[in-house]
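Dumped protein_26.pdb below, it's PDB, C-alpha atoms:
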```pdb
MODEL        1
ATOM      1  CA  MET A 278      -6.113  30.070  44.843
ATOM      2  CA  LYS A 279      -2.375  30.485  44.384
ATOM      3  CA  LEU A 280      -1.578  32.083  41.027
ATOM      4  CA  LEU A 281       1.832  32.606  39.473
ATOM      5  CA  SER A 282       3.280  34.151  36.350
ATOM      6  CA  PHE A 283       6.033  32.424  34.416
ATOM      7  CA  GLN A 284       7.961  32.404  31.183
ATOM      8  CA  LEU A 285       8.224  29.410  28.890
ATOM      9  CA  GLU A 286       9.853  29.368  25.446
ATOM     10  CA  GLY A 287       9.769  33.151  25.289
ATOM     11  CA  GLN A 288       6.094  33.448  26.247
ATOM     12  CA  ILE A 289       4.787  35.098  29.412
ATOM     13  CA  LEU A 290       2.086  32.853  30.845
ATOM     14  CA  TYR A 291       0.145  32.550  34.099
ATOM     15  CA  GLY A 292      -1.965  30.073  35.959
ATOM     16  CA  PRO A 293      -2.785  28.378  39.266
ATOM     17  CA  LYS A 294      -0.481  26.085  41.192
ATOM     18  CA  VAL A 295      -1.468  22.456  40.695
ATOM     19  CA  LYS A 296      -2.783  20.994  43.935
ATOM     20  CA  ARG A 297      -0.341  18.635  45.664
ATOM     21  CA  GLU A 298       2.188  19.035  42.836
ATOM     22  CA  GLU A 299       5.179  21.283  42.169
ATOM     23  CA  ALA A 300       3.597  22.364  38.912
ATOM     24  CA  VAL A 301       1.454  25.061  37.316
ATOM     25  CA  TRP A 302      -1.424  25.078  34.849
ATOM     26  CA  ASP A 303      -1.251  27.394  31.830
ATOM     27  CA  ALA A 304      -4.628  29.053  32.309
ATOM     28  CA  PHE A 305      -4.871  30.689  28.867
ATOM     29  CA  GLY A 306      -3.695  27.469  27.232
ATOM     30  CA  LEU A 307      -6.467  25.539  28.954
ATOM     31  CA  ALA A 308      -9.013  28.163  27.919
ATOM     32  CA  THR A 309      -7.876  27.957  24.291
ATOM     33  CA  HIS A 310      -7.967  24.151  24.418
ATOM     34  CA  TYR A 311     -11.582  24.230  25.579
ATOM     35  CA  GLY A 312     -12.678  26.957  23.152
ATOM     36  CA  GLU A 313     -13.069  29.779  25.710
ATOM     37  CA  THR A 314     -12.413  32.644  23.293
ATOM     38  CA  ARG A 315     -12.965  35.518  25.751
ATOM     39  CA  PHE A 316     -10.592  34.318  28.433
ATOM     40  CA  PRO A 317      -8.071  36.980  29.650
ATOM     41  CA  LYS A 318      -4.721  36.789  27.842
ATOM     42  CA  THR A 319      -2.799  38.506  30.653
ATOM     43  CA  ILE A 320      -2.999  38.200  34.392
ATOM     44  CA  ILE A 321      -3.819  41.914  34.804
ATOM     45  CA  GLU A 322      -6.803  41.495  32.470
ATOM     46  CA  GLY A 323      -7.898  38.612  34.678
ATOM     47  CA  VAL A 324      -7.321  40.473  37.933
ATOM     48  CA  SER A 325      -9.706  43.176  36.702
ATOM     49  CA  LEU A 326     -12.501  40.566  36.759
ATOM     50  CA  GLY A 327     -12.017  39.936  40.477
ATOM     51  CA  LEU A 328     -13.156  36.636  41.949
ATOM     52  CA  ASP A 329     -15.147  35.872  38.783
ATOM     53  CA  PHE A 330     -11.736  35.293  37.197
ATOM     54  CA  VAL A 331     -10.870  32.818  39.949
ATOM     55  CA  GLU A 332     -14.076  30.908  39.292
ATOM     56  CA  LEU A 333     -13.333  30.764  35.549
ATOM     57  CA  ILE A 334      -9.936  29.225  36.288
ATOM     58  CA  ARG A 335     -11.427  26.728  38.761
ATOM     59  CA  LYS A 336     -13.868  25.494  36.118
ATOM     60  CA  LEU A 337     -11.082  25.046  33.569
ATOM     61  CA  VAL A 338      -8.886  23.131  35.997
ATOM     62  CA  THR A 339     -11.783  20.943  37.165
ATOM     63  CA  ARG A 340     -12.561  20.062  33.557
ATOM     64  CA  ALA A 341      -8.900  19.324  32.763
ATOM     65  CA  GLU A 342      -8.591  17.045  35.785
ATOM     66  CA  LYS A 343     -11.874  15.276  35.038
ATOM     67  CA  GLU A 344     -11.346  14.738  31.318
ATOM     68  CA  GLY A 345      -7.585  14.180  31.510
ATOM     69  CA  ASP A 346      -6.959  15.531  28.011
ATOM     70  CA  ALA A 347      -5.066  18.755  28.739
ATOM     71  CA  GLY A 348      -1.807  17.512  30.241
ATOM     72  CA  GLU A 349       0.233  19.513  27.736
ATOM     73  CA  TYR A 350      -0.882  22.668  29.575
ATOM     74  CA  LYS A 351       0.616  21.595  32.901
ATOM     75  CA  TYR A 352       4.273  22.421  33.543
ATOM     76  CA  SER A 353       6.601  21.393  36.343
ATOM     77  CA  PHE A 354       8.222  24.200  38.297
ATOM     78  CA  SER A 355      11.625  22.957  37.141
ATOM     79  CA  SER A 356      10.704  23.607  33.492
ATOM     80  CA  ILE A 357       9.620  27.249  33.835
ATOM     81  CA  GLU A 358      11.208  30.598  34.634
ATOM     82  CA  TRP A 359       9.370  32.224  37.522
ATOM     83  CA  LEU A 360       8.212  35.814  37.147
ATOM     84  CA  ALA A 361       6.706  38.173  39.690
ATOM     85  CA  PRO A 362       2.961  37.402  39.986
ATOM     86  CA  ILE A 363       2.316  40.840  38.471
ATOM     87  CA  PRO A 364       5.276  41.108  36.077
ATOM     88  CA  ARG A 365       4.650  44.806  35.403
ATOM     89  CA  THR A 366       2.376  47.211  37.256
ATOM     90  CA  PRO A 367       0.323  49.947  35.531
ATOM     91  CA  LYS A 368       2.328  52.574  37.440
ATOM     92  CA  ASN A 369       5.092  52.781  40.027
ATOM     93  CA  VAL A 370       4.916  50.308  42.895
ATOM     94  CA  ILE A 371       3.158  52.172  45.735
ATOM     95  CA  CYS A 372       4.837  51.811  49.136
ATOM     96  CA  VAL A 373       3.974  52.664  52.743
ATOM     97  CA  GLY A 374       6.838  53.842  54.952
ATOM     98  CA  LYS A 375       7.273  53.345  58.699
ATOM     99  CA  ASN A 376       3.958  51.531  59.141
ATOM    100  CA  TYR A 377       5.205  49.445  62.097
ATOM    101  CA  PHE A 378       6.006  51.454  65.223
ATOM    102  CA  ASP A 379       9.004  49.317  66.145
ATOM    103  CA  HIS A 380      10.495  49.915  62.694
ATOM    104  CA  ALA A 381       9.854  53.651  62.926
ATOM    105  CA  THR A 382      11.715  53.797  66.239
ATOM    106  CA  GLU A 383      14.661  51.704  65.009
ATOM    107  CA  MET A 384      15.002  54.207  62.155
ATOM    108  CA  GLY A 385      15.287  57.062  64.659
ATOM    109  CA  ASP A 386      11.713  58.323  65.020
ATOM    110  CA  GLU A 387      10.624  59.052  68.587
ATOM    111  CA  ALA A 388       6.915  58.968  67.811
ATOM    112  CA  ALA A 389       4.665  57.115  65.416
ATOM    113  CA  PRO A 390       3.844  58.921  62.148
ATOM    114  CA  GLU A 391       0.535  60.728  62.417
ATOM    115  CA  LYS A 392      -0.216  60.395  58.707
ATOM    116  CA  LEU A 393       0.388  57.707  56.150
ATOM    117  CA  MET A 394       3.851  57.992  54.581
ATOM    118  CA  ILE A 395       3.811  57.129  50.867
ATOM    119  CA  PHE A 396       6.631  56.746  48.343
ATOM    120  CA  THR A 397       7.085  54.727  45.148
ATOM    121  CA  LYS A 398       9.491  52.354  43.460
ATOM    122  CA  SER A 399      10.004  52.262  39.695
ATOM    123  CA  PRO A 400       8.285  49.338  37.914
ATOM    124  CA  THR A 401      11.749  48.357  36.616
ATOM    125  CA  THR A 402      12.477  47.162  40.168
ATOM    126  CA  ILE A 403      10.061  44.240  39.850
ATOM    127  CA  THR A 404      11.616  40.785  39.722
ATOM    128  CA  ALA A 405      10.753  37.285  40.848
ATOM    129  CA  ASP A 406      11.156  34.632  43.494
ATOM    130  CA  GLU A 407      14.394  32.606  43.206
ATOM    131  CA  GLN A 408      16.014  35.216  40.958
ATOM    132  CA  GLN A 409      19.598  36.164  41.736
ATOM    133  CA  LEU A 410      19.734  39.874  42.538
ATOM    134  CA  PRO A 411      22.541  42.366  41.950
ATOM    135  CA  ILE A 412      24.285  43.720  45.045
ATOM    136  CA  HIS A 413      24.841  47.037  43.184
ATOM    137  CA  SER A 414      28.281  47.546  44.739
ATOM    138  CA  GLU A 415      29.113  50.110  42.041
ATOM    139  CA  VAL A 416      26.621  52.601  43.519
ATOM    140  CA  THR A 417      25.901  51.562  47.126
ATOM    141  CA  GLU A 418      27.543  50.074  50.192
ATOM    142  CA  ASN A 419      24.359  50.043  52.268
ATOM    143  CA  LEU A 420      21.895  47.726  50.527
ATOM    144  CA  ASP A 421      19.136  46.672  52.929
ATOM    145  CA  TYR A 422      16.141  44.307  52.984
ATOM    146  CA  GLU A 423      12.527  44.943  54.037
ATOM    147  CA  GLY A 424      10.027  42.067  54.145
ATOM    148  CA  GLU A 425       6.482  43.238  53.394
ATOM    149  CA  LEU A 426       2.936  42.143  52.674
ATOM    150  CA  ALA A 427       1.906  43.380  49.218
ATOM    151  CA  VAL A 428      -1.685  44.061  48.126
ATOM    152  CA  VAL A 429      -2.797  43.646  44.501
ATOM    153  CA  ILE A 430      -5.673  45.869  43.368
ATOM    154  CA  SER A 431      -8.465  44.364  41.261
ATOM    155  CA  LYS A 432     -10.466  47.306  39.942
ATOM    156  CA  LYS A 433     -10.243  50.997  39.221
ATOM    157  CA  GLY A 434     -11.127  53.262  42.087
ATOM    158  CA  HIS A 435     -10.760  56.827  43.305
ATOM    159  CA  ASN A 436     -11.667  58.127  46.754
ATOM    160  CA  ILE A 437     -12.594  54.622  47.903
ATOM    161  CA  PRO A 438     -14.495  54.534  51.222
ATOM    162  CA  LYS A 439     -12.691  52.554  53.904
ATOM    163  CA  GLN A 440     -15.678  50.234  54.362
ATOM    164  CA  LEU A 441     -15.496  49.264  50.665
ATOM    165  CA  ALA A 442     -11.711  48.944  50.420
ATOM    166  CA  TYR A 443     -11.604  45.141  50.435
ATOM    167  CA  ASP A 444     -13.916  45.074  47.407
ATOM    168  CA  TYR A 445     -11.012  46.580  45.435
ATOM    169  CA  ILE A 446      -8.475  43.912  46.403
ATOM    170  CA  PHE A 447      -7.734  40.869  44.248
ATOM    171  CA  GLY A 448      -5.176  39.235  46.500
ATOM    172  CA  TYR A 449      -1.837  39.330  48.287
ATOM    173  CA  THR A 450       1.796  38.481  47.693
ATOM    174  CA  ILE A 451       5.190  38.992  49.377
ATOM    175  CA  ALA A 452       7.653  41.742  48.502
ATOM    176  CA  ASN A 453      11.177  42.714  49.502
ATOM    177  CA  ASP A 454      11.468  46.506  49.457
ATOM    178  CA  ILE A 455      15.237  46.521  48.882
ATOM    179  CA  THR A 456      16.741  49.895  49.731
ATOM    180  CA  ALA A 457      20.114  51.581  49.235
ATOM    181  CA  ARG A 458      20.255  53.513  52.517
ATOM    182  CA  ASP A 459      23.247  55.657  51.535
ATOM    183  CA  ILE A 460      21.597  56.765  48.276
ATOM    184  CA  GLN A 461      18.385  57.468  50.167
ATOM    185  CA  LYS A 462      20.256  59.660  52.640
ATOM    186  CA  ALA A 463      22.361  61.466  50.038
ATOM    187  CA  HIS A 464      19.370  62.462  47.923
ATOM    188  CA  GLY A 465      17.068  63.335  50.814
ATOM    189  CA  GLN A 466      14.181  61.358  49.312
ATOM    190  CA  PHE A 467      13.231  57.726  48.737
ATOM    191  CA  PHE A 468      12.784  57.152  44.996
ATOM    192  CA  LEU A 469      16.380  56.655  43.786
ATOM    193  CA  GLY A 470      17.474  54.607  46.794
ATOM    194  CA  LYS A 471      14.399  52.431  46.390
ATOM    195  CA  SER A 472      14.520  52.019  42.595
ATOM    196  CA  LEU A 473      17.724  50.196  41.716
ATOM    197  CA  ASN A 474      17.093  47.526  39.097
ATOM    198  CA  ALA A 475      15.622  44.292  40.501
ATOM    199  CA  SER A 476      15.141  45.833  43.939
ATOM    200  CA  CYS A 477      11.521  44.703  44.344
ATOM    201  CA  PRO A 478      11.286  40.920  44.130
ATOM    202  CA  MET A 479       7.721  39.690  44.598
ATOM    203  CA  GLY A 480       6.157  36.268  44.884
ATOM    204  CA  PRO A 481       6.177  33.391  44.812
ATOM    205  CA  TYR A 482       2.394  33.435  44.509
ATOM    206  CA  LEU A 483      -0.490  35.838  44.238
ATOM    207  CA  VAL A 484      -2.954  34.406  46.766
ATOM    208  CA  THR A 485      -6.563  35.393  46.138
ATOM    209  CA  LYS A 486      -8.328  37.290  48.897
ATOM    210  CA  ASP A 487     -10.878  34.537  49.524
ATOM    211  CA  GLU A 488      -8.015  32.451  50.973
ATOM    212  CA  LEU A 489      -6.760  35.263  53.220
ATOM    213  CA  PRO A 490      -9.868  36.922  54.650
ATOM    214  CA  ASN A 491      -7.891  38.897  57.263
ATOM    215  CA  PRO A 492      -4.629  40.358  55.918
ATOM    216  CA  ASN A 493      -4.209  42.266  59.181
ATOM    217  CA  ASN A 494      -3.303  39.140  61.157
ATOM    218  CA  LEU A 495      -0.532  37.268  59.317
ATOM    219  CA  SER A 496       2.872  36.275  60.660
ATOM    220  CA  ILE A 497       5.807  37.766  58.748
ATOM    221  CA  VAL A 498       9.375  36.499  59.140
ATOM    222  CA  THR A 499      12.546  37.573  57.317
ATOM    223  CA  LYS A 500      15.723  35.500  57.444
ATOM    224  CA  VAL A 501      19.162  36.457  56.159
ATOM    225  CA  ASN A 502      21.317  33.363  55.692
ATOM    226  CA  ASP A 503      18.943  31.429  57.990
ATOM    227  CA  GLU A 504      19.246  34.045  60.773
ATOM    228  CA  ILE A 505      15.871  35.484  61.779
ATOM    229  CA  ARG A 506      16.046  39.270  61.442
ATOM    230  CA  GLN A 507      12.361  40.249  61.300
ATOM    231  CA  ASN A 508       9.672  38.381  63.233
ATOM    232  CA  SER A 509       6.319  40.113  63.504
ATOM    233  CA  ASN A 510       2.669  40.060  62.517
ATOM    234  CA  THR A 511       0.689  42.334  60.214
ATOM    235  CA  ASP A 512      -1.590  43.117  63.164
ATOM    236  CA  ALA A 513       1.226  45.462  64.265
ATOM    237  CA  MET A 514       0.661  47.726  61.246
ATOM    238  CA  MET A 515      -0.385  51.184  62.400
ATOM    239  CA  PHE A 516      -2.388  51.791  59.222
ATOM    240  CA  LYS A 517      -4.373  48.703  58.264
ATOM    241  CA  VAL A 518      -4.922  47.514  54.690
ATOM    242  CA  ASP A 519      -8.349  49.140  54.309
ATOM    243  CA  GLU A 520      -7.067  52.441  55.711
ATOM    244  CA  ILE A 521      -4.135  52.410  53.290
ATOM    245  CA  ILE A 522      -6.362  51.864  50.264
ATOM    246  CA  ALA A 523      -8.835  54.531  51.349
ATOM    247  CA  GLU A 524      -6.120  57.119  51.976
ATOM    248  CA  VAL A 525      -4.030  56.434  48.862
ATOM    249  CA  SER A 526      -7.115  56.501  46.635
ATOM    250  CA  ARG A 527      -8.024  59.972  47.908
ATOM    251  CA  PHE A 528      -5.180  61.260  45.766
ATOM    252  CA  VAL A 529      -4.290  58.505  43.268
ATOM    253  CA  THR A 530      -6.684  56.576  41.059
ATOM    254  CA  LEU A 531      -5.966  52.911  41.683
ATOM    255  CA  GLU A 532      -6.063  50.509  38.748
ATOM    256  CA  PRO A 533      -6.169  46.731  38.238
ATOM    257  CA  GLY A 534      -2.688  45.308  38.804
ATOM    258  CA  ASP A 535      -1.490  48.132  41.031
ATOM    259  CA  VAL A 536       0.659  46.802  43.869
ATOM    260  CA  ILE A 537       0.805  48.409  47.312
ATOM    261  CA  LEU A 538       3.587  47.446  49.735
ATOM    262  CA  THR A 539       2.224  47.859  53.256
ATOM    263  CA  GLY A 540       5.432  48.512  55.239
ATOM    264  CA  THR A 541       8.067  46.497  57.075
ATOM    265  CA  PRO A 542       8.504  45.553  60.752
ATOM    266  CA  ALA A 543      11.637  46.077  62.853
ATOM    267  CA  GLY A 544      14.803  44.153  62.163
ATOM    268  CA  VAL A 545      16.160  45.725  58.983
ATOM    269  CA  GLY A 546      19.924  45.876  58.559
ATOM    270  CA  LYS A 547      20.123  49.574  59.295
ATOM    271  CA  GLY A 548      18.281  49.074  62.584
ATOM    272  CA  LEU A 549      20.854  46.639  63.988
ATOM    273  CA  ASN A 550      23.652  47.829  66.288
ATOM    274  CA  PRO A 551      25.974  48.126  64.476
ATOM    275  CA  PRO A 552      24.118  48.160  61.116
ATOM    276  CA  VAL A 553      24.556  45.034  58.989
ATOM    277  CA  TYR A 554      23.946  45.492  55.276
ATOM    278  CA  LEU A 555      23.586  42.908  52.538
ATOM    279  CA  LYS A 556      26.701  41.505  50.897
ATOM    280  CA  GLU A 557      27.468  39.267  47.947
ATOM    281  CA  GLY A 558      26.375  35.695  48.623
ATOM    282  CA  ASP A 559      23.633  36.580  51.125
ATOM    283  CA  THR A 560      20.255  34.889  50.783
ATOM    284  CA  VAL A 561      17.077  36.588  52.010
ATOM    285  CA  ASN A 562      13.954  34.529  52.716
ATOM    286  CA  ILE A 563      10.686  36.300  53.568
ATOM    287  CA  SER A 564       7.768  34.161  54.731
ATOM    288  CA  ILE A 565       4.195  35.338  55.219
ATOM    289  CA  GLU A 566       1.506  33.091  56.645
ATOM    290  CA  GLY A 567      -0.810  31.715  53.965
ATOM    291  CA  ILE A 568       1.319  32.919  51.041
ATOM    292  CA  GLY A 569       4.669  31.138  51.153
ATOM    293  CA  THR A 570       8.328  32.166  51.063
ATOM    294  CA  LEU A 571      10.036  34.655  48.768
ATOM    295  CA  SER A 572      13.700  33.721  48.371
ATOM    296  CA  ASN A 573      16.524  35.587  46.624
ATOM    297  CA  ARG A 574      20.321  35.376  46.616
ATOM    298  CA  PHE A 575      22.509  38.443  46.071
ATOM    299  CA  VAL A 576      25.414  38.302  43.642
TER     300      VAL A 576
ENDMDL
END
```

Can you dump the structure from the file as structure tokens?
Amino acid sequence: MKLLSFQLEGQILYGPKVKREEAVWDAFGLATHYGETRFPKTIIEGVSLGLDFVELIRKLVTRAEKEGDAGEYKYSFSSIEWLAPIPRTPKNVICVGKNYFDHATEMGDEAAPEKLMIFTKSPTTITADEQQLPIHSEVTENLDYEGELAVVISKKGHNIPKQLAYDYIFGYTIANDITARDIQKAHGQFFLGKSLNASCPMGPYLVTKDELPNPNNLSIVTKVNDEIRQNSNTDAMMFKVDEIIAEVSRFVTLEPGDVILTGTPAGVGKGLNPPVYLKEGDTVNISIEGIGTLSNRFV
């Protein structure tokens, strides 16, 4: 199932994409219409129910399509404002650094990292597909893109065994880990250079894990102004999704709605010779097999 979050008339809503239509169902609206009083009001509440939540939504949609009396809870994409699938995480966005060997080498490393490299982005970085993003020229001249597979956690867990890691996943989306390289270098750490406002667009959909049974074998392509810059596959990740969850949860208690960015392949602006950073008017499109395309223009 492809889920999205959106805003309509000042309300934050969520629901599944309508099959064969450029439209979305308002899941909570359908539940209210059919008298389902215990249905989750927010997508994070729903995510915490795992695939049971998906089944609840399927039943509502099937009923709406069969009975044909709930059309007022279906909205065309043109009538809504897209939000990130998880509009706000419980904590900072958790990120994996240098998880593709070719990216590690283009950034100057001679050998692959022996241990998982973890940093975070502020939750204020989260924004949506098709949103125009600030170029932040007042603070940086080296704004860069990083196309990544993002994992959304479904239930609370600490010290999760690797063999159980996939039980804690709700689904997957696309993220752009936008980075101010000069700020990163000047401060000698990642957080500030990674946490400029609207520097973590995610979307367009949150695809449930039953539709992507193997996240470690998905094509990932990033284009800047229609020029392919990154072209790889998640099978090139040095630390796979289950290893990431197991290792992070040794130290951090994961919660429903937590988002983990799994790293970016080679082809970032800094890795080009000479480096080519983002500028006003650039459009970045990141496509991941089975999820879709995340698109943003910089202004």

Residue with the minimum atom-to-atom distance to Val324 (chain A), picked from A:Thr485, A:Gln466, A:Thr450, A:Gln408 with only C-alpha atoms counted, is A:Thr485

**Asked** Taking all atoms listed in the file into account, which of A:Gly569, A:Gly287, A:Pro533, A:Pro293 comes nearest Thr339 (chain A)?
**Response**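 Of A:Gly569, A:Gly287, A:Pro533, A:Pro293, the one nearest Thr339 (chain A), counting all atoms listed in the file, is A:Pro293.
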
**Separation of CA of Asn453 (chain A) from CA of Leu555 (chain A) in Å** =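 Between CA of Leu555 (chain A) and CA of Asn453 (chain A) the gap works out to 12.8 Å.
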
I'd like the contact shell of Ala300 (chain A) - 6 Å cut-off, only C-alpha atoms, skipping same-chain residues fewer than 2 positions apart - returned as a VMD selection string.
chain A and resid 294 to 295 298 352 to 354

Report as a Markdown table the residues of region 429-509 of chain A within 7 Å of region 418-424 of chain A, each with its shortest atom pair and distance in Å (one decimal), using all atoms listed in the file, ordered by chain and increasing residue number.
```
| residue | atom | partner | partner_atom | distance |
| --- | --- | --- | --- | --- |
| A:Ala452 | CA | A:Gly424 | CA | 6.1 |
| A:Asn453 | CA | A:Gly424 | CA | 4.8 |
| A:Asp454 | CA | A:Glu423 | CA | 5.0 |
| A:Ile455 | CA | A:Tyr422 | CA | 4.7 |
| A:Thr456 | CA | A:Asp421 | CA | 5.1 |
| A:Ala457 | CA | A:Leu420 | CA | 4.4 |
| A:Arg458 | CA | A:Asn419 | CA | 5.4 |
| A:Asp459 | CA | A:Asn419 | CA | 5.8 |
| A:Thr499 | CA | A:Gly424 | CA | 6.1 |
```

Closest of A:Ala308, A:Met384, A:Val373, A:Glu358 to Asn550 (chain A), counting only C-alpha atoms, is A:Met384

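Taking only C-alpha atoms into account, Glu286 (chain A) lies nearest to A:Ile357 out of the set A:Ala304, A:Leu489, A:Val545, A:Ile357.
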
| Contact residues around Val428 (chain A) with only C-alpha atoms at 10 Å, ignoring same-chain residues under 6 positions, as a PyMOL selection string | chain A and resi 371+446-452+483-484+486+492+518+522+534-539

Reconstructed region 379-395 of chain A, atom set N, CA, C and O atoms, as a tab-separated table (two decimals), keeping the file's coordinate frame:
```
chain	number	residue	atom	x	y	z
A	379	ASP	N	7.66	49.74	65.76
A	379	ASP	CA	9.00	49.32	66.14
A	379	ASP	C	10.03	49.60	65.05
A	379	ASP	O	11.19	49.88	65.32
A	380	HIS	N	9.58	49.56	63.79
A	380	HIS	CA	10.50	49.92	62.69
A	380	HIS	C	10.74	51.41	62.67
A	380	HIS	O	11.88	51.87	62.44
A	381	ALA	N	9.68	52.19	62.90
A	381	ALA	CA	9.85	53.65	62.93
A	381	ALA	C	10.86	54.06	63.99
A	381	ALA	O	11.72	54.92	63.76
A	382	THR	N	10.79	53.43	65.16
A	382	THR	CA	11.72	53.80	66.24
A	382	THR	C	13.13	53.33	65.94
A	382	THR	O	14.10	54.03	66.26
A	383	GLU	N	13.29	52.16	65.32
A	383	GLU	CA	14.66	51.70	65.01
A	383	GLU	C	15.31	52.58	63.94
A	383	GLU	O	16.53	52.64	63.83
A	384	MET	N	14.47	53.29	63.16
A	384	MET	CA	15.00	54.21	62.16
A	384	MET	C	15.22	55.61	62.71
A	384	MET	O	15.58	56.53	61.97
A	385	GLY	N	14.96	55.80	64.02
A	385	GLY	CA	15.29	57.06	64.66
A	385	GLY	C	14.12	57.94	65.01
A	385	GLY	O	14.29	59.01	65.61
A	386	ASP	N	12.89	57.52	64.68
A	386	ASP	CA	11.71	58.32	65.02
A	386	ASP	C	11.35	58.10	66.49
A	386	ASP	O	11.36	56.96	66.97
A	387	GLU	N	11.01	59.16	67.18
A	387	GLU	CA	10.62	59.05	68.59
A	387	GLU	C	9.14	58.81	68.76
A	387	GLU	O	8.70	58.35	69.81
A	388	ALA	N	8.37	59.13	67.73
A	388	ALA	CA	6.92	58.97	67.81
A	388	ALA	C	6.41	58.34	66.52
A	388	ALA	O	7.07	58.41	65.48
A	389	ALA	N	5.26	57.72	66.60
A	389	ALA	CA	4.66	57.12	65.42
A	389	ALA	C	4.22	58.20	64.43
A	389	ALA	O	3.76	59.27	64.85
A	390	PRO	N	4.34	57.95	63.12
A	390	PRO	CA	3.84	58.92	62.15
A	390	PRO	C	2.35	59.17	62.33
A	390	PRO	O	1.59	58.23	62.56
A	391	GLU	N	1.95	60.41	62.26
A	391	GLU	CA	0.54	60.73	62.42
A	391	GLU	C	-0.24	60.49	61.13
A	391	GLU	O	-1.45	60.23	61.17
A	392	LYS	N	0.43	60.60	60.00
A	392	LYS	CA	-0.22	60.40	58.71
A	392	LYS	C	0.52	59.32	57.93
A	392	LYS	O	1.70	59.05	58.16
A	393	LEU	N	-0.18	58.73	57.01
A	393	LEU	CA	0.39	57.71	56.15
A	393	LEU	C	1.55	58.28	55.34
A	393	LEU	O	1.43	59.34	54.73
A	394	MET	N	2.69	57.58	55.36
A	394	MET	CA	3.85	57.99	54.58
A	394	MET	C	3.89	57.16	53.30
A	394	MET	O	3.96	55.93	53.35
A	395	ILE	N	3.86	57.82	52.15
A	395	ILE	CA	3.81	57.13	50.87
A	395	ILE	C	5.01	57.52	50.00
A	395	ILE	O	5.38	58.68	49.93
```
